[in-house]
>>> print(open('my_file-v7.pdb').read())   # PDB, C-alpha atoms, pLDDT in the B column
ATOM      1  CA  GLY A   1     -90.477 -23.077 -45.159  1.00 49.00           C
ATOM      2  CA  TYR A   2     -89.565 -20.823 -42.308  1.00 53.00           C
ATOM      3  CA  PRO A   3     -88.170 -17.339 -42.984  1.00 54.00           C
ATOM      4  CA  LEU A   4     -84.443 -17.191 -42.364  1.00 55.00           C
ATOM      5  CA  LEU A   5     -83.364 -14.879 -39.559  1.00 55.00           C
ATOM      6  CA  PRO A   6     -80.311 -12.750 -40.185  1.00 54.00           C
ATOM      7  CA  ASN A   7     -77.100 -13.941 -38.643  1.00 61.00           C
ATOM      8  CA  THR A   8     -76.682 -12.904 -34.978  1.00 63.00           C
ATOM      9  CA  THR A   9     -73.505 -11.007 -35.809  1.00 67.00           C
ATOM     10  CA  GLU A  10     -75.320  -9.083 -38.545  1.00 71.00           C
ATOM     11  CA  ARG A  11     -78.149  -8.178 -36.148  1.00 69.00           C
ATOM     12  CA  ARG A  12     -75.713  -6.908 -33.519  1.00 69.00           C
ATOM     13  CA  GLU A  13     -73.874  -4.803 -36.089  1.00 73.00           C
ATOM     14  CA  LYS A  14     -77.154  -3.260 -37.270  1.00 73.00           C
ATOM     15  CA  GLN A  15     -78.058  -2.427 -33.645  1.00 71.00           C
ATOM     16  CA  ARG A  16     -74.648  -0.785 -33.117  1.00 70.00           C
ATOM     17  CA  GLN A  17     -75.053   1.298 -36.268  1.00 72.00           C
ATOM     18  CA  LYS A  18     -78.531   2.346 -35.197  1.00 69.00           C
ATOM     19  CA  LYS A  19     -77.208   3.446 -31.787  1.00 65.00           C
ATOM     20  CA  ARG A  20     -74.412   5.463 -33.407  1.00 64.00           C
ATOM     21  CA  LYS A  21     -76.882   7.239 -35.697  1.00 62.00           C
ATOM     22  CA  GLY A  22     -79.237   8.096 -32.836  1.00 57.00           C
ATOM     23  CA  ASN A  23     -82.963   7.865 -32.998  1.00 54.00           C
ATOM     24  CA  GLY A  24     -83.305  10.204 -35.984  1.00 56.00           C
ATOM     25  CA  ASP A  25     -84.338  13.255 -33.952  1.00 56.00           C
ATOM     26  CA  GLY A  26     -80.893  14.869 -34.047  1.00 54.00           C
ATOM     27  CA  THR A  27     -79.937  13.696 -30.557  1.00 55.00           C
ATOM     28  CA  ASP A  28     -76.188  13.754 -30.095  1.00 52.00           C
ATOM     29  CA  LEU A  29     -75.148  10.452 -28.549  1.00 55.00           C
ATOM     30  CA  ASP A  30     -71.585  11.645 -27.920  1.00 54.00           C
ATOM     31  CA  TRP A  31     -71.059  11.163 -24.149  1.00 52.00           C
ATOM     32  CA  THR A  32     -69.031  14.390 -23.912  1.00 53.00           C
ATOM     33  CA  SER A  33     -72.192  16.372 -24.603  1.00 55.00           C
ATOM     34  CA  SER A  34     -73.754  15.116 -21.394  1.00 56.00           C
ATOM     35  CA  PRO A  35     -74.912  17.872 -19.024  1.00 59.00           C
ATOM     36  CA  CYS A  36     -73.260  15.848 -16.245  1.00 60.00           C
ATOM     37  CA  VAL A  37     -69.794  16.140 -17.776  1.00 58.00           C
ATOM     38  CA  SER A  38     -68.227  19.574 -18.019  1.00 60.00           C
ATOM     39  CA  LYS A  39     -66.462  20.544 -21.231  1.00 59.00           C
ATOM     40  CA  GLU A  40     -63.171  20.793 -19.335  1.00 61.00           C
ATOM     41  CA  ALA A  41     -63.605  17.315 -17.864  1.00 60.00           C
ATOM     42  CA  ALA A  42     -64.428  15.871 -21.275  1.00 59.00           C
ATOM     43  CA  GLU A  43     -61.309  17.432 -22.798  1.00 62.00           C
ATOM     44  CA  ASP A  44     -58.993  16.636 -19.866  1.00 60.00           C
ATOM     45  CA  PRO A  45     -56.325  14.231 -21.136  1.00 62.00           C
ATOM     46  CA  ASN A  46     -55.798  12.809 -17.607  1.00 67.00           C
ATOM     47  CA  PRO A  47     -59.234  12.565 -15.980  1.00 72.00           C
ATOM     48  CA  MET A  48     -59.408  11.345 -12.382  1.00 74.00           C
ATOM     49  CA  THR A  49     -60.495   7.774 -11.956  1.00 84.00           C
ATOM     50  CA  ALA A  50     -63.442   6.992  -9.743  1.00 84.00           C
ATOM     51  CA  MET A  51     -61.094   5.731  -7.024  1.00 87.00           C
ATOM     52  CA  GLU A  52     -59.043   8.936  -7.187  1.00 88.00           C
ATOM     53  CA  ARG A  53     -62.211  11.033  -6.881  1.00 86.00           C
ATOM     54  CA  LYS A  54     -63.272   8.995  -3.836  1.00 88.00           C
ATOM     55  CA  ARG A  55     -59.850   9.451  -2.214  1.00 89.00           C
ATOM     56  CA  ASP A  56     -59.963  13.175  -2.946  1.00 88.00           C
ATOM     57  CA  LEU A  57     -63.425  13.471  -1.412  1.00 88.00           C
ATOM     58  CA  ILE A  58     -62.386  11.574   1.712  1.00 88.00           C
ATOM     59  CA  MET A  59     -59.279  13.727   2.100  1.00 89.00           C
ATOM     60  CA  ARG A  60     -61.352  16.911   1.829  1.00 90.00           C
ATOM     61  CA  MET A  61     -63.929  15.585   4.317  1.00 91.00           C
ATOM     62  CA  GLY A  62     -61.304  14.636   6.929  1.00 90.00           C
ATOM     63  CA  PRO A  63     -61.266  17.978   8.782  1.00 91.00           C
ATOM     64  CA  ILE A  64     -65.062  18.183   8.713  1.00 92.00           C
ATOM     65  CA  VAL A  65     -65.453  14.697  10.216  1.00 91.00           C
ATOM     66  CA  GLU A  66     -62.820  15.482  12.863  1.00 93.00           C
ATOM     67  CA  ALA A  67     -64.705  18.641  13.855  1.00 94.00           C
ATOM     68  CA  MET A  68     -67.942  16.660  14.074  1.00 95.00           C
ATOM     69  CA  GLU A  69     -66.329  14.010  16.285  1.00 95.00           C
ATOM     70  CA  LYS A  70     -64.823  16.683  18.542  1.00 96.00           C
ATOM     71  CA  ARG A  71     -68.223  18.360  18.898  1.00 96.00           C
ATOM     72  CA  LYS A  72     -69.849  15.001  19.719  1.00 95.00           C
ATOM     73  CA  GLU A  73     -67.292  14.360  22.473  1.00 95.00           C
ATOM     74  CA  GLU A  74     -67.888  17.852  23.913  1.00 96.00           C
ATOM     75  CA  ASP A  75     -71.656  17.335  23.865  1.00 94.00           C
ATOM     76  CA  THR A  76     -71.325  13.912  25.505  1.00 94.00           C
ATOM     77  CA  LYS A  77     -69.182  15.363  28.297  1.00 95.00           C
ATOM     78  CA  ALA A  78     -71.640  18.230  28.805  1.00 94.00           C
ATOM     79  CA  VAL A  79     -74.532  15.756  29.133  1.00 94.00           C
ATOM     80  CA  GLN A  80     -72.533  13.665  31.613  1.00 95.00           C
ATOM     81  CA  VAL A  81     -71.769  16.713  33.752  1.00 95.00           C
ATOM     82  CA  ALA A  82     -75.355  17.993  33.657  1.00 94.00           C
ATOM     83  CA  THR A  83     -77.028  14.623  34.344  1.00 95.00           C
ATOM     84  CA  ASN A  84     -74.264  13.061  36.470  1.00 95.00           C
ATOM     85  CA  CYS A  85     -74.759   9.934  34.336  1.00 95.00           C
ATOM     86  CA  ARG A  86     -72.966   8.030  31.629  1.00 95.00           C
ATOM     87  CA  ALA A  87     -74.714   5.945  29.005  1.00 94.00           C
ATOM     88  CA  GLU A  88     -73.626   2.513  27.807  1.00 94.00           C
ATOM     89  CA  LYS A  89     -75.083   0.478  24.988  1.00 93.00           C
ATOM     90  CA  ASN A  90     -75.439  -3.238  25.704  1.00 91.00           C
ATOM     91  CA  ARG A  91     -75.109  -6.071  23.177  1.00 93.00           C
ATOM     92  CA  ARG A  92     -78.805  -5.903  22.339  1.00 93.00           C
ATOM     93  CA  GLY A  93     -78.490  -2.227  21.399  1.00 93.00           C
ATOM     94  CA  LYS A  94     -80.298  -0.943  24.488  1.00 94.00           C
ATOM     95  CA  PHE A  95     -78.914   1.819  26.653  1.00 94.00           C
ATOM     96  CA  ARG A  96     -78.159   1.570  30.339  1.00 95.00           C
ATOM     97  CA  TYR A  97     -77.395   4.586  32.479  1.00 96.00           C
ATOM     98  CA  TYR A  98     -75.010   4.761  35.430  1.00 96.00           C
ATOM     99  CA  GLU A  99     -74.369   7.516  37.952  1.00 96.00           C
ATOM    100  CA  LEU A 100     -70.871   8.908  37.671  1.00 94.00           C
ATOM    101  CA  ASP A 101     -70.367   9.167  41.446  1.00 93.00           C
ATOM    102  CA  THR A 102     -71.662   5.791  42.581  1.00 94.00           C
ATOM    103  CA  CYS A 103     -71.591   3.706  39.361  1.00 93.00           C
ATOM    104  CA  LYS A 104     -75.107   2.538  40.276  1.00 96.00           C
ATOM    105  CA  GLN A 105     -77.578   1.953  37.477  1.00 95.00           C
ATOM    106  CA  VAL A 106     -80.132   4.716  36.899  1.00 96.00           C
ATOM    107  CA  SER A 107     -83.539   4.000  35.390  1.00 95.00           C
ATOM    108  CA  PRO A 108     -84.234   5.349  31.904  1.00 95.00           C
ATOM    109  CA  VAL A 109     -87.052   7.482  33.333  1.00 96.00           C
ATOM    110  CA  GLU A 110     -84.687   9.073  35.874  1.00 96.00           C
ATOM    111  CA  PHE A 111     -82.096   9.737  33.173  1.00 96.00           C
ATOM    112  CA  GLU A 112     -84.793  11.263  30.953  1.00 96.00           C
ATOM    113  CA  ASN A 113     -85.859  13.598  33.789  1.00 96.00           C
ATOM    114  CA  ARG A 114     -82.256  14.717  34.315  1.00 95.00           C
ATOM    115  CA  TYR A 115     -81.729  15.181  30.592  1.00 95.00           C
ATOM    116  CA  LEU A 116     -84.915  17.238  30.187  1.00 96.00           C
ATOM    117  CA  ALA A 117     -83.866  19.384  33.158  1.00 95.00           C
ATOM    118  CA  MET A 118     -80.574  20.042  31.364  1.00 95.00           C
ATOM    119  CA  ILE A 119     -82.474  21.074  28.196  1.00 95.00           C
ATOM    120  CA  ARG A 120     -84.695  23.434  30.219  1.00 95.00           C
ATOM    121  CA  ASP A 121     -81.599  25.019  31.785  1.00 93.00           C
ATOM    122  CA  ILE A 122     -80.022  25.552  28.369  1.00 91.00           C
ATOM    123  CA  LYS A 123     -83.208  27.133  26.996  1.00 93.00           C
ATOM    124  CA  THR A 124     -83.500  29.390  30.046  1.00 92.00           C
ATOM    125  CA  LYS A 125     -79.895  30.585  29.611  1.00 90.00           C
ATOM    126  CA  GLN A 126     -80.437  31.205  25.899  1.00 90.00           C
ATOM    127  CA  ALA A 127     -83.624  33.185  26.591  1.00 91.00           C
ATOM    128  CA  LYS A 128     -81.712  35.480  28.975  1.00 87.00           C
ATOM    129  CA  LYS A 129     -79.124  36.338  26.311  1.00 79.00           C
TER     130      LYS A 129
END
>>> encode(input="my_file-v7.pdb", output="structure tokens")
Amino acid sequence: GYPLLPNTTERREKQRQKKRKGNGDGTDLDWTSSPCVSKEAAEDPNPMTAMERKRDLIMRMGPIVEAMEKRKEEDTKAVQVATNCRAEKNRRGKFRYYELDTCKQVSPVEFENRYLAMIRDIKTKQAKK
């Protein structure tokens, strides 16, 4: 006849016991020994949940993101003043450029020339400092 396979429950229990014992090389399978978990965090009786850690991270990043957005607005205004153009993104994701004074469309090549002139002016001013 066919050899009888051990009961599924018995097999699972043997696998669990094997995992608890490790692979025989002395490896500690206790999760608190992980280099990713500090000793303090492992012993903390009230560890932060993943959601709490995410909230904490977002709260700490708030001022940084606000500063980045403020800087972006300042840079956008500086480009508008220097090029006398504003940029708009259409539904297809392409940019269109319009003169601030006349609201007439400006070609991408013309906008690029104005933008590069602005960059040259900035570099010239920085070189003089």
>>> resolve_selection(input="my_file-v7.pdb", expression="the PyMOL selection byres ((chain A and resi 80) around 12)", output="JSON list (two decimals) with C-alpha atoms, keeping the file's coordinate frame")
[["chain", "number", "residue", "atom", "x", "y", "z"],
["A", 73, "GLU", "CA", -67.29, 14.36, 22.47],
["A", 74, "GLU", "CA", -67.89, 17.85, 23.91],
["A", 75, "ASP", "CA", -71.66, 17.34, 23.86],
["A", 76, "THR", "CA", -71.32, 13.91, 25.50],
["A", 77, "LYS", "CA", -69.18, 15.36, 28.30],
["A", 78, "ALA", "CA", -71.64, 18.23, 28.80],
["A", 79, "VAL", "CA", -74.53, 15.76, 29.13],
["A", 81, "VAL", "CA", -71.77, 16.71, 33.75],
["A", 82, "ALA", "CA", -75.36, 17.99, 33.66],
["A", 83, "THR", "CA", -77.03, 14.62, 34.34],
["A", 84, "ASN", "CA", -74.26, 13.06, 36.47],
["A", 85, "CYS", "CA", -74.76, 9.93, 34.34],
["A", 86, "ARG", "CA", -72.97, 8.03, 31.63],
["A", 87, "ALA", "CA", -74.71, 5.94, 29.00],
["A", 88, "GLU", "CA", -73.63, 2.51, 27.81],
["A", 97, "TYR", "CA", -77.40, 4.59, 32.48],
["A", 98, "TYR", "CA", -75.01, 4.76, 35.43],
["A", 99, "GLU", "CA", -74.37, 7.52, 37.95],
["A", 100, "LEU", "CA", -70.87, 8.91, 37.67],
["A", 101, "ASP", "CA", -70.37, 9.17, 41.45],
["A", 111, "PHE", "CA", -82.10, 9.74, 33.17],
["A", 114, "ARG", "CA", -82.26, 14.72, 34.32],
["A", 115, "TYR", "CA", -81.73, 15.18, 30.59],
["A", 118, "MET", "CA", -80.57, 20.04, 31.36]]
>>> atom_distance(input="my_file-v7.pdb", atom1="CA of Ile122 in chain A", atom2="CA of Val106 in chain A")
22.5 Å
>>> atom_distance(input="my_file-v7.pdb", atom1="CA of Lys128 in chain A", atom2="CA of Lys72 in chain A")
25.4 Å
>>> atom_distance(input="my_file-v7.pdb", atom1="CA of Arg91 in chain A", atom2="CA of Ala67 in chain A")
28.4 Å
